[in-house]
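This is coords_5.tsv (TSV, C-alpha atoms and all ligand atoms).
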chain	number	residue	atom	x	y	z
A	1	MET	CA	-2.03	146.66	94.88
A	2	ALA	CA	0.84	145.11	96.81
A	3	ALA	CA	1.44	146.39	100.35
A	4	THR	CA	4.35	148.57	101.39
A	5	LEU	CA	6.96	146.51	103.23
A	6	ILE	CA	7.77	147.63	106.76
A	7	LYS	CA	11.51	147.01	106.90
A	8	GLY	CA	12.48	146.30	110.49
A	9	ALA	CA	16.21	146.66	109.90
A	10	GLU	CA	15.76	150.22	108.60
A	11	VAL	CA	13.50	151.28	111.48
A	12	ALA	CA	15.85	149.62	113.98
A	13	ALA	CA	18.85	151.47	112.50
A	14	GLN	CA	16.96	154.76	112.82
A	15	ILE	CA	16.13	154.06	116.49
A	16	ARG	CA	19.75	153.08	117.21
A	17	GLU	CA	20.90	156.37	115.71
A	18	GLU	CA	18.53	158.23	118.06
A	19	LEU	CA	19.74	156.12	120.99
A	20	LYS	CA	23.40	156.83	120.21
A	21	LYS	CA	22.69	160.57	120.49
A	22	GLU	CA	20.85	159.98	123.76
A	23	VAL	CA	23.75	157.91	125.14
A	24	ASP	CA	26.28	160.59	124.13
A	25	GLU	CA	24.13	163.21	125.87
A	26	LEU	CA	23.75	161.08	129.02
A	27	LYS	CA	27.54	160.75	129.18
A	28	ALA	CA	28.27	164.41	128.47
A	29	LYS	CA	25.56	166.06	130.57
A	30	HIS	CA	25.00	163.59	133.39
A	31	ASN	CA	28.16	161.46	133.48
A	32	ILE	CA	26.05	158.31	133.06
A	33	THR	CA	27.05	155.39	130.83
A	34	PRO	CA	24.21	152.88	130.37
A	35	GLY	CA	25.40	149.49	131.63
A	36	LEU	CA	24.12	146.14	130.41
A	37	VAL	CA	25.08	142.66	131.56
A	38	THR	CA	24.01	139.63	129.54
A	39	ILE	CA	24.28	136.37	131.44
A	40	LEU	CA	24.68	133.21	129.40
A	41	VAL	CA	24.44	129.83	131.09
A	42	GLY	CA	25.88	127.02	128.98
A	43	GLU	CA	26.79	127.08	125.30
A	44	ASP	CA	23.57	126.59	123.34
A	45	PRO	CA	24.57	127.86	119.85
A	46	GLY	CA	21.33	129.85	119.37
A	47	SER	CA	21.75	131.57	122.75
A	48	VAL	CA	25.45	132.27	122.06
A	49	SER	CA	24.55	134.02	118.80
A	50	TYR	CA	21.76	136.06	120.48
A	51	VAL	CA	23.95	137.32	123.33
A	52	THR	CA	26.83	138.02	120.94
A	53	ALA	CA	24.51	140.19	118.83
A	54	LYS	CA	23.19	141.97	121.93
A	55	GLN	CA	26.70	142.70	123.21
A	56	LYS	CA	27.84	143.91	119.76
A	57	THR	CA	24.98	146.41	119.59
A	58	ALA	CA	25.54	147.54	123.20
A	59	HIS	CA	29.19	148.13	122.34
A	60	GLU	CA	28.35	150.10	119.20
A	61	LEU	CA	26.08	152.37	121.22
A	62	GLY	CA	28.86	153.08	123.74
A	63	PHE	CA	27.34	151.17	126.67
A	64	HIS	CA	29.32	149.73	129.55
A	65	SER	CA	28.63	146.13	128.56
A	66	ILE	CA	29.53	142.86	130.21
A	67	GLN	CA	29.13	139.38	128.82
A	68	ASP	CA	29.00	137.00	131.78
A	69	ASN	CA	29.39	133.37	130.67
A	70	GLN	CA	28.58	130.68	133.22
A	71	ASP	CA	29.02	126.95	132.98
A	72	ALA	CA	25.85	124.91	132.32
A	73	SER	CA	26.45	123.18	135.67
A	74	ILE	CA	26.11	126.41	137.71
A	75	SER	CA	23.79	125.91	140.68
A	76	GLU	CA	20.60	127.92	141.04
A	77	GLU	CA	21.95	129.37	144.28
A	78	THR	CA	25.17	130.61	142.62
A	79	LEU	CA	23.19	132.13	139.75
A	80	LEU	CA	20.91	133.92	142.23
A	81	SER	CA	23.91	135.33	144.11
A	82	LEU	CA	25.35	136.52	140.78
A	83	LEU	CA	22.09	138.38	140.13
A	84	ASP	CA	22.28	139.87	143.60
A	85	LYS	CA	25.75	141.18	142.75
A	86	TYR	CA	24.52	142.85	139.54
A	87	ASN	CA	21.37	144.14	141.27
A	88	LYS	CA	23.69	146.03	143.64
A	89	ASP	CA	26.19	147.20	141.00
A	90	PRO	CA	25.55	150.91	140.29
A	91	GLN	CA	27.30	150.65	136.92
A	92	ILE	CA	24.83	148.03	135.70
A	93	HIS	CA	21.40	149.35	134.73
A	94	GLY	CA	20.11	146.41	132.71
A	95	ILE	CA	20.35	142.68	133.49
A	96	LEU	CA	19.44	140.10	130.90
A	97	VAL	CA	19.49	136.37	131.56
A	98	GLN	CA	19.48	134.58	128.22
A	99	LEU	CA	16.82	131.86	128.04
A	100	PRO	CA	16.44	128.93	128.01
A	101	LEU	CA	18.21	127.98	131.24
A	102	PRO	CA	19.32	124.40	132.03
A	103	LYS	CA	16.55	122.18	133.43
A	104	HIS	CA	17.94	122.08	136.99
A	105	ILE	CA	17.33	125.85	137.32
A	106	ASP	CA	13.89	127.33	138.05
A	107	THR	CA	13.59	129.99	135.32
A	108	ASN	CA	10.87	131.99	137.08
A	109	LYS	CA	12.84	132.06	140.32
A	110	VAL	CA	15.80	133.50	138.42
A	111	LEU	CA	13.81	136.05	136.41
A	112	TYR	CA	11.93	137.21	139.50
A	113	ALA	CA	15.23	137.74	141.37
A	114	ILE	CA	16.18	140.57	138.98
A	115	ASN	CA	15.57	144.06	140.37
A	116	PRO	CA	12.46	145.16	138.37
A	117	ASN	CA	14.14	148.50	137.60
A	118	LYS	CA	16.99	146.57	135.92
A	119	ASP	CA	14.71	143.99	134.25
A	120	VAL	CA	15.25	145.17	130.67
A	121	ASP	CA	13.35	142.19	129.23
A	122	ALA	CA	10.32	143.43	131.27
A	123	PHE	CA	9.30	139.87	132.23
A	124	HIS	CA	9.19	140.49	136.02
A	125	PRO	CA	5.61	140.44	137.41
A	126	VAL	CA	6.18	143.95	138.80
A	127	ASN	CA	6.89	145.20	135.28
A	128	VAL	CA	3.97	143.20	133.82
A	129	GLY	CA	1.73	144.98	136.35
A	130	ARG	CA	3.28	148.37	135.61
A	131	ILE	CA	2.62	147.89	131.91
A	132	LEU	CA	-1.00	146.94	132.51
A	133	ILE	CA	-1.64	150.11	134.51
A	134	GLY	CA	0.27	152.21	131.99
A	135	GLN	CA	3.00	153.36	134.40
A	136	TYR	CA	6.22	151.88	133.12
A	137	ALA	CA	9.77	152.76	132.14
A	138	PHE	CA	10.16	150.01	129.59
A	139	LEU	CA	8.21	147.39	127.66
A	140	PRO	CA	8.98	143.81	126.60
A	141	CYS	CA	11.17	144.00	123.53
A	142	THR	CA	9.16	142.16	120.85
A	143	PRO	CA	5.76	143.82	121.39
A	144	ALA	CA	7.50	147.18	121.92
A	145	GLY	CA	9.20	146.63	118.55
A	146	CYS	CA	5.81	145.95	116.95
A	147	GLN	CA	4.43	149.19	118.39
A	148	GLU	CA	7.40	151.17	117.04
A	149	LEU	CA	6.96	149.64	113.58
A	150	ILE	CA	3.25	150.49	113.55
A	151	VAL	CA	3.70	154.06	114.74
A	152	ARG	CA	6.74	154.91	112.63
A	153	ALA	CA	5.49	153.27	109.41
A	154	THR	CA	1.75	153.93	109.58
A	155	GLY	CA	1.06	156.59	112.22
A	156	ASP	CA	-0.71	156.67	115.57
A	157	PRO	CA	-3.07	153.70	116.09
A	158	LYS	CA	-5.47	155.78	118.21
A	159	GLY	CA	-9.07	154.68	117.60
A	160	LYS	CA	-8.07	151.82	115.28
A	161	GLU	CA	-9.38	148.26	115.58
A	162	VAL	CA	-6.38	146.16	116.60
A	163	VAL	CA	-6.64	142.38	116.60
A	164	VAL	CA	-3.89	140.34	118.26
A	165	VAL	CA	-3.66	136.64	117.40
A	166	GLY	CA	-1.99	134.82	120.33
A	167	ARG	CA	-1.87	135.47	124.09
A	168	SER	CA	1.60	134.38	125.20
A	169	ASN	CA	3.20	136.19	128.13
A	170	ILE	CA	6.06	137.46	125.98
A	171	VAL	CA	4.17	138.68	122.90
A	172	GLY	CA	0.35	138.48	122.77
A	173	LYS	CA	-0.65	139.62	126.28
A	174	PRO	CA	1.83	142.53	126.55
A	175	MET	CA	0.86	143.56	122.99
A	176	VAL	CA	-2.75	143.88	124.18
A	177	ALA	CA	-1.65	145.77	127.30
A	178	ILE	CA	0.44	148.18	125.23
A	179	MET	CA	-2.18	148.96	122.59
A	180	ILE	CA	-5.08	149.60	125.02
A	181	GLN	CA	-3.25	152.30	127.01
A	182	LYS	CA	-4.59	155.83	126.95
A	183	LEU	CA	-1.20	156.97	125.66
A	184	PRO	CA	0.31	158.23	122.40
A	185	GLY	CA	1.15	155.34	120.09
A	186	ALA	CA	-1.72	153.28	121.52
A	187	ASN	CA	-5.32	154.12	122.54
A	188	ALA	CA	-6.70	151.51	120.14
A	189	THR	CA	-9.71	149.19	120.44
A	190	VAL	CA	-8.11	145.82	121.06
A	191	THR	CA	-9.34	142.25	120.57
A	192	CYS	CA	-7.25	139.17	121.35
A	193	VAL	CA	-7.98	135.79	119.75
A	194	HIS	CA	-6.36	132.47	120.70
A	195	THR	CA	-6.97	128.72	120.72
A	196	GLY	CA	-10.05	129.26	122.89
A	197	THR	CA	-11.63	131.31	120.09
A	198	PRO	CA	-13.60	129.22	117.56
A	199	LYS	CA	-11.92	129.30	114.15
A	200	ASP	CA	-14.86	131.04	112.43
A	201	LYS	CA	-14.74	133.75	115.12
A	202	ILE	CA	-10.96	134.14	114.70
A	203	ILE	CA	-11.53	134.81	111.01
A	204	GLU	CA	-14.43	137.17	111.76
A	205	HIS	CA	-12.32	139.22	114.19
A	206	CYS	CA	-9.29	139.28	111.88
A	207	LYS	CA	-11.49	140.61	109.07
A	208	ARG	CA	-12.42	143.63	111.23
A	209	ALA	CA	-8.83	144.56	112.01
A	210	ASP	CA	-7.33	147.84	110.85
A	211	ILE	CA	-4.13	146.54	112.42
A	212	LEU	CA	-3.61	142.79	112.62
A	213	ILE	CA	-0.76	141.54	114.83
A	214	VAL	CA	-0.10	137.82	114.53
A	215	ALA	CA	1.93	135.86	117.11
A	216	ALA	CA	0.56	132.32	117.00
A	217	GLY	CA	3.63	130.30	116.03
A	218	VAL	CA	1.70	128.60	113.20
A	219	PRO	CA	3.38	128.97	109.79
A	220	LYS	CA	1.33	130.86	107.17
A	221	TYR	CA	-1.75	130.69	109.41
A	222	VAL	CA	-3.49	133.95	108.48
A	223	GLN	CA	-4.93	133.81	104.98
A	224	ALA	CA	-5.68	136.65	102.55
A	225	ASP	CA	-9.46	136.24	102.90
A	226	TRP	CA	-9.14	136.90	106.68
A	227	VAL	CA	-7.61	140.32	106.02
A	228	LYS	CA	-9.44	143.57	105.41
A	229	GLU	CA	-8.45	145.49	102.29
A	230	GLY	CA	-5.84	148.09	103.35
A	231	ALA	CA	-5.12	146.59	106.80
A	232	VAL	CA	-1.71	146.93	108.47
A	233	VAL	CA	-0.31	143.43	109.09
A	234	ILE	CA	2.44	142.79	111.65
A	235	ASP	CA	3.76	139.23	111.47
A	236	VAL	CA	5.66	138.26	114.62
A	237	GLY	CA	5.94	134.57	113.71
A	238	VAL	CA	9.28	132.96	112.99
A	239	ASN	CA	8.84	129.34	111.91
A	240	ARG	CA	11.41	127.02	110.36
A	241	ILE	CA	9.75	125.32	107.39
A	242	GLY	CA	12.75	123.51	105.88
A	243	MET	CA	16.19	124.21	104.50
A	244	THR	CA	17.33	126.32	101.58
A	245	GLU	CA	19.64	124.80	98.94
A	246	SER	CA	22.58	126.53	100.64
A	247	GLY	CA	21.75	124.73	103.90
A	248	LYS	CA	20.19	127.71	105.74
A	249	ALA	CA	16.92	127.45	107.65
A	250	LYS	CA	13.95	128.44	105.50
A	251	LEU	CA	11.67	130.71	107.54
A	252	ALA	CA	8.00	131.58	107.31
A	253	GLY	CA	5.90	133.94	109.38
A	254	ASP	CA	2.44	133.30	110.82
A	255	VAL	CA	0.90	135.07	107.82
A	256	ASP	CA	0.58	133.75	104.27
A	257	PHE	CA	2.79	136.59	103.05
A	258	ASP	CA	2.48	136.13	99.27
A	259	THR	CA	-1.31	136.41	99.22
A	260	VAL	CA	-1.83	138.71	102.24
A	261	LYS	CA	0.54	141.35	100.82
A	262	GLU	CA	-1.97	141.83	97.97
A	263	LYS	CA	-4.69	142.85	100.48
A	264	ALA	CA	-2.72	144.78	103.14
A	265	SER	CA	-1.57	148.40	102.94
A	266	PHE	CA	1.54	147.68	105.05
A	267	ILE	CA	3.10	144.35	105.99
A	268	THR	CA	6.21	143.14	107.82
A	269	PRO	CA	8.23	140.47	105.97
A	270	VAL	CA	9.70	137.38	107.67
A	271	PRO	CA	12.61	137.54	108.05
A	272	GLY	CA	13.41	141.28	108.15
A	273	GLY	CA	10.30	142.67	109.85
A	274	VAL	CA	9.75	142.39	113.60
A	275	GLY	CA	12.93	140.31	114.19
A	276	PRO	CA	15.52	143.09	113.74
A	277	MET	CA	13.64	145.32	116.22
A	278	THR	CA	14.02	143.12	119.29
A	279	ILE	CA	17.69	143.80	120.15
A	280	THR	CA	17.26	147.51	119.46
A	281	MET	CA	14.35	147.67	121.92
A	282	LEU	CA	16.56	145.97	124.52
A	283	MET	CA	19.06	148.78	124.03
A	284	LYS	CA	16.30	151.36	124.39
A	285	ASN	CA	15.20	149.69	127.63
A	286	THR	CA	18.75	149.83	128.98
A	287	VAL	CA	18.93	153.56	128.27
A	288	MET	CA	15.57	154.00	130.04
A	289	ALA	CA	16.82	151.92	132.99
A	290	ALA	CA	19.92	154.13	133.24
A	291	LYS	CA	17.74	157.26	133.25
A	292	LEU	CA	15.46	155.67	135.85
A	293	SER	CA	18.36	154.89	138.17
A	294	ALA	CA	19.63	158.47	137.83
A	295	GLY	CA	16.20	159.91	138.60
A	296	LEU	CA	15.95	161.49	135.14
A	297	ILE	CA	12.62	159.72	134.61
A	298	GLN	CA	10.06	158.45	137.10
A	299	ILE	CA	7.56	155.61	136.90
B	301	LIG	P1	3.67	130.80	122.06
B	301	LIG	O1	4.16	130.99	123.44
B	301	LIG	O2	3.68	129.44	121.46
B	301	LIG	O3	2.20	131.38	122.00
B	301	LIG	C1	1.40	131.26	120.84
B	301	LIG	C2	0.06	131.84	121.12
B	301	LIG	O4	-0.75	131.69	119.95
B	301	LIG	C3	-0.68	131.13	122.25
B	301	LIG	O5	-1.35	132.09	123.03
B	301	LIG	C4	-1.65	130.21	121.53
B	301	LIG	O6	-2.88	130.06	122.21
B	301	LIG	C5	-1.92	130.98	120.26
B	301	LIG	N1	-2.23	130.08	119.15
B	301	LIG	C6	-1.55	128.96	118.78
B	301	LIG	N2	-2.15	128.40	117.72
B	301	LIG	C7	-3.23	129.15	117.44
B	301	LIG	C8	-4.25	129.07	116.49
B	301	LIG	N3	-4.30	128.07	115.59
B	301	LIG	N4	-5.21	130.03	116.48
B	301	LIG	C9	-5.19	131.04	117.39
B	301	LIG	N5	-4.25	131.17	118.33
B	301	LIG	C10	-3.27	130.24	118.34
B	301	LIG	O7	4.47	131.71	121.02
B	301	LIG	P2	5.11	133.18	121.20
B	301	LIG	O8	6.31	133.10	122.04
B	301	LIG	O9	4.04	134.16	121.51
B	301	LIG	O10	5.59	133.42	119.70
B	301	LIG	C11	4.70	133.46	118.63
B	301	LIG	C12	5.50	133.47	117.34
B	301	LIG	O11	6.31	134.62	117.33
B	301	LIG	C13	6.45	132.28	117.19
B	301	LIG	O12	6.54	131.95	115.81
B	301	LIG	C14	7.77	132.82	117.67
B	301	LIG	O13	8.89	132.17	117.08
B	301	LIG	C15	7.68	134.25	117.20
B	301	LIG	N6	8.49	135.21	117.97
B	301	LIG	C16	9.23	136.08	117.27
B	301	LIG	C17	9.99	137.03	117.93
B	301	LIG	C18	10.78	138.00	117.15
B	301	LIG	O14	11.64	138.67	117.66
B	301	LIG	N7	10.49	138.17	115.87
B	301	LIG	C19	9.98	137.07	119.33
B	301	LIG	C20	9.15	136.19	120.02
B	301	LIG	C21	8.40	135.26	119.33
B	301	LIG	P3	-3.03	129.35	123.65
B	301	LIG	O15	-2.58	130.39	124.64
B	301	LIG	O16	-4.44	129.05	123.79
B	301	LIG	O17	-2.12	128.17	123.61

Output the file's structure in the form of structure tokens.
Amino acid sequence: MAATLIKGAEVAAQIREELKKEVDELKAKHNITPGLVTILVGEDPGSVSYVTAKQKTAHELGFHSIQDNQDASISEETLLSLLDKYNKDPQIHGILVQLPLPKHIDTNKVLYAINPNKDVDAFHPVNVGRILIGQYAFLPCTPAGCQELIVRATGDPKGKEVVVVGRSNIVGKPMVAIMIQKLPGANATVTCVHTGTPKDKIIEHCKRADILIVAAGVPKYVQADWVKEGAVVIDVGVNRIGMTESGKAKLAGDVDFDTVKEKASFITPVPGGVGPMTITMLMKNTVMAAKLSAGLIQI
């Protein structure tokens, strides 16, 4: 029987509705308006469209939102002093620097200059450490989106065998850190496979998974015979595999969707699965950062 599709856009819309209520309440009861600045350096068309979408959503939710566009020639020093300004601005709770940055700028130096309590991408080493020890205010957006999809569509993963394919710093590793926590929405038994895992072992581990989360960046990598009957499959991959007749990029996930959907109980499509969750999780993080700054939550 074909799997139930986990529709990211629908889950994201539901979360945004919840966030809107939370924002209205923060304004009415505490006089706090969540503030988000997105800093764009240069005019890369992909980055422009990402920050535009982020600002549009922030606006819809009633945030105080600033789009700060900087010329591609900005010096590292000027960018760092800009971050210092936003770090000190009490109206700004979340700072996002859109990546990639021009080559003359040290990306890590910039990301690490963001106040960890305003680091709504959760890439700062302080936040990575907080996540690992399970004491955090917010999580990196893509793996947090995966967790929300799993919990909302299929229930609490407590006690389930979770296998994560990939160990990048932005998806695989934080996904592992999130799912192993002794917390609601996690508490799973987690295995991570990667290029250091022999292929036959990768397949063996995948076959054991109750929940299989794939973030390898290899189009249609996971095959139906690697998937346990009834497994939940979360496909993070976004790979361009050509062009459609209308000239749009043709996308494929990291899972062979057409065959795997016949084995899985739930599956995320690509596009329309994990993708739509990312911006919404950024908004959630900004609300959490606003609450953190007001002392309404503690880490
Ligand atoms: P990445 O930085 O390239 O990391 C890929 C990871 O997969 C690495 O850890 C790599 O292992 C592992 N890997 C690569 N080939 C493998 C193979 N054949 N078998 C097992 N493991 C393999 O990619 P990423 O940033 O994590 O992204 C992964 C995918 O998710 C990409 O398609 C990306 O476009 C997509 N993505 C989507 C969203 C979204 O919002 N939907 C957000 C972020 C990323 P090593 O560490 O050994 O190299």

Ligand LIG 301 (chain B): which residues are within 8 Å, counting all atoms listed in the file? Reply as an MDAnalysis selection string. chainID A and resid 141:142 165:172 193:197 199 202 214:219 221 235:239 253:254 273:278

Write the residues of the preceding selection, restricted to C-alpha atoms, as a PDB file, in the frame of the given file.
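For reference, result00.pdb as written:
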ATOM      1  CA  CYS A 141      11.170 144.000 123.530  1.00  0.00           C
ATOM      2  CA  THR A 142       9.160 142.160 120.850  1.00  0.00           C
ATOM      3  CA  VAL A 165      -3.660 136.640 117.400  1.00  0.00           C
ATOM      4  CA  GLY A 166      -1.990 134.820 120.330  1.00  0.00           C
ATOM      5  CA  ARG A 167      -1.870 135.470 124.090  1.00  0.00           C
ATOM      6  CA  SER A 168       1.600 134.380 125.200  1.00  0.00           C
ATOM      7  CA  ASN A 169       3.200 136.190 128.130  1.00  0.00           C
ATOM      8  CA  ILE A 170       6.060 137.460 125.980  1.00  0.00           C
ATOM      9  CA  VAL A 171       4.170 138.680 122.900  1.00  0.00           C
ATOM     10  CA  GLY A 172       0.350 138.480 122.770  1.00  0.00           C
ATOM     11  CA  VAL A 193      -7.980 135.790 119.750  1.00  0.00           C
ATOM     12  CA  HIS A 194      -6.360 132.470 120.700  1.00  0.00           C
ATOM     13  CA  THR A 195      -6.970 128.720 120.720  1.00  0.00           C
ATOM     14  CA  GLY A 196     -10.050 129.260 122.890  1.00  0.00           C
ATOM     15  CA  THR A 197     -11.630 131.310 120.090  1.00  0.00           C
ATOM     16  CA  LYS A 199     -11.920 129.300 114.150  1.00  0.00           C
ATOM     17  CA  ILE A 202     -10.960 134.140 114.700  1.00  0.00           C
ATOM     18  CA  VAL A 214      -0.100 137.820 114.530  1.00  0.00           C
ATOM     19  CA  ALA A 215       1.930 135.860 117.110  1.00  0.00           C
ATOM     20  CA  ALA A 216       0.560 132.320 117.000  1.00  0.00           C
ATOM     21  CA  GLY A 217       3.630 130.300 116.030  1.00  0.00           C
ATOM     22  CA  VAL A 218       1.700 128.600 113.200  1.00  0.00           C
ATOM     23  CA  PRO A 219       3.380 128.970 109.790  1.00  0.00           C
ATOM     24  CA  TYR A 221      -1.750 130.690 109.410  1.00  0.00           C
ATOM     25  CA  ASP A 235       3.760 139.230 111.470  1.00  0.00           C
ATOM     26  CA  VAL A 236       5.660 138.260 114.620  1.00  0.00           C
ATOM     27  CA  GLY A 237       5.940 134.570 113.710  1.00  0.00           C
ATOM     28  CA  VAL A 238       9.280 132.960 112.990  1.00  0.00           C
ATOM     29  CA  ASN A 239       8.840 129.340 111.910  1.00  0.00           C
ATOM     30  CA  GLY A 253       5.900 133.940 109.380  1.00  0.00           C
ATOM     31  CA  ASP A 254       2.440 133.300 110.820  1.00  0.00           C
ATOM     32  CA  GLY A 273      10.300 142.670 109.850  1.00  0.00           C
ATOM     33  CA  VAL A 274       9.750 142.390 113.600  1.00  0.00           C
ATOM     34  CA  GLY A 275      12.930 140.310 114.190  1.00  0.00           C
ATOM     35  CA  PRO A 276      15.520 143.090 113.740  1.00  0.00           C
ATOM     36  CA  MET A 277      13.640 145.320 116.220  1.00  0.00           C
ATOM     37  CA  THR A 278      14.020 143.120 119.290  1.00  0.00           C
TER      38      THR A 278
END

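Note that the spacing between atom CA of A:Glu204 and atom CA of A:Ile150 amounts to 22.2 Å.
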
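Each of A:Ile6, A:Val37, A:Glu18, A:Gly42 was checked against A:Asp119 using only C-alpha atoms; the smallest atom-to-atom distance is that of A:Val37.
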
Taking all atoms listed in the file into account, name the residue in A:Met283, A:Val110, A:Leu99, A:Ala58 that is nearest to A:Glu77.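 Once distances to A:Glu77 are computed over all atoms listed in the file, the minimum belongs to A:Val110.
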
A:Lys182 environment, 10 Å, all atoms listed in the file, sequence neighbours closer than 6 positions dropped, as an NGL selection string: :A and (133-134 or 158 or 188)

Could you turn the residues from that selection into a file that holds C-alpha atoms, as a compact mmCIF listing (two decimals), keeping the file's coordinate frame?
# COMPACT_ATOMS: atom_id res chain seq x y z
CA ILE A 133 -1.64 150.11 134.51
CA GLY A 134 0.27 152.21 131.99
CA LYS A 158 -5.47 155.78 118.21
CA ALA A 188 -6.70 151.51 120.14

Do you have the atom CA of A:Cys206-atom CA of A:Trp226 distance handy?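 Computed distance, atom CA of A:Cys206 to atom CA of A:Trp226, equals 5.7 Å.
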
Just the residues within 9 Å of A:Glu262, please, counting all atoms listed in the file, with nothing from its chain fewer than 6 positions along; format it as a list in words. Met1, Ala2, Ala3, Ala224 and Glu229 of chain A

Which is closest to A:Pro90 among A:Ser246, A:Gln298, A:Ser293, A:Thr286, if we use all atoms listed in the file? A:Ser293

Within 10 Å of file point (21.3, 121.4, 131.8), counting all atoms listed in the file, expressed as a ChimeraX atom specification: /A:41-42,71-74,100-105

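Ranking A:Val260, A:Leu80, A:Ile267, A:Val287 by their shortest atom-to-atom distance to A:Ile114, with only C-alpha atoms included, puts A:Leu80 first.
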
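Neighbourhood of point (-4.6, 153.1, 126.6): residues with an atom at most 12 Å away, counting all atoms listed in the file, are Ile131, Leu132, Ile133, Gly134, Gln135, Pro157, Lys158, Gly159, Lys160, Met175, Val176, Ala177, Ile178, Met179, Ile180, Gln181, Lys182, Leu183, Pro184, Gly185, Ala186, Asn187, Ala188, Thr189 and Val190 of chain A.
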
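Using all atoms listed in the file for every distance, the candidate list A:Thr57, A:Asp225, A:Tyr50, A:Ile39 yields A:Ile39 as the residue closest to A:Leu79.
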
Considering all atoms listed in the file, state which residue in the set A:Cys192, A:Leu5, A:Ile241, A:Ile211 is at the smallest distance from A:Phe257. A:Leu5

Taking 3 positions as the minimum chain separation for residues in the same chain, which residues sit within 8 Å of A:Lys20 when counting all atoms listed in the file? Answer as a list of chain:residue names.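 With the cut-off at 8 Å, the set is A:Arg16, A:Glu17, A:Val23, A:Asp24, A:Leu61, A:Gly62.
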
Using atom CA of A:Leu111 and atom CA of A:Leu139 as the two end points, give the distance in Å to one decimal. 15.4 Å

A:Asn31 environment, 12 Å, all atoms listed in the file, sequence neighbours closer than 6 positions dropped, as a CSV table (one decimal) with C-alpha atoms, keeping the file's coordinate frame:
chain,number,residue,atom,x,y,z
A,23,VAL,CA,23.8,157.9,125.1
A,24,ASP,CA,26.3,160.6,124.1
A,25,GLU,CA,24.1,163.2,125.9
A,91,GLN,CA,27.3,150.6,136.9
A,290,ALA,CA,19.9,154.1,133.2
A,291,LYS,CA,17.7,157.3,133.2
A,294,ALA,CA,19.6,158.5,137.8

Polymer residues at most 10 Å from A:Ala231, only C-alpha atoms, same-chain spacing of 6 or more positions, as a PyMOL selection string: chain A and resi 3+161-162+206-212+260-261+263-267
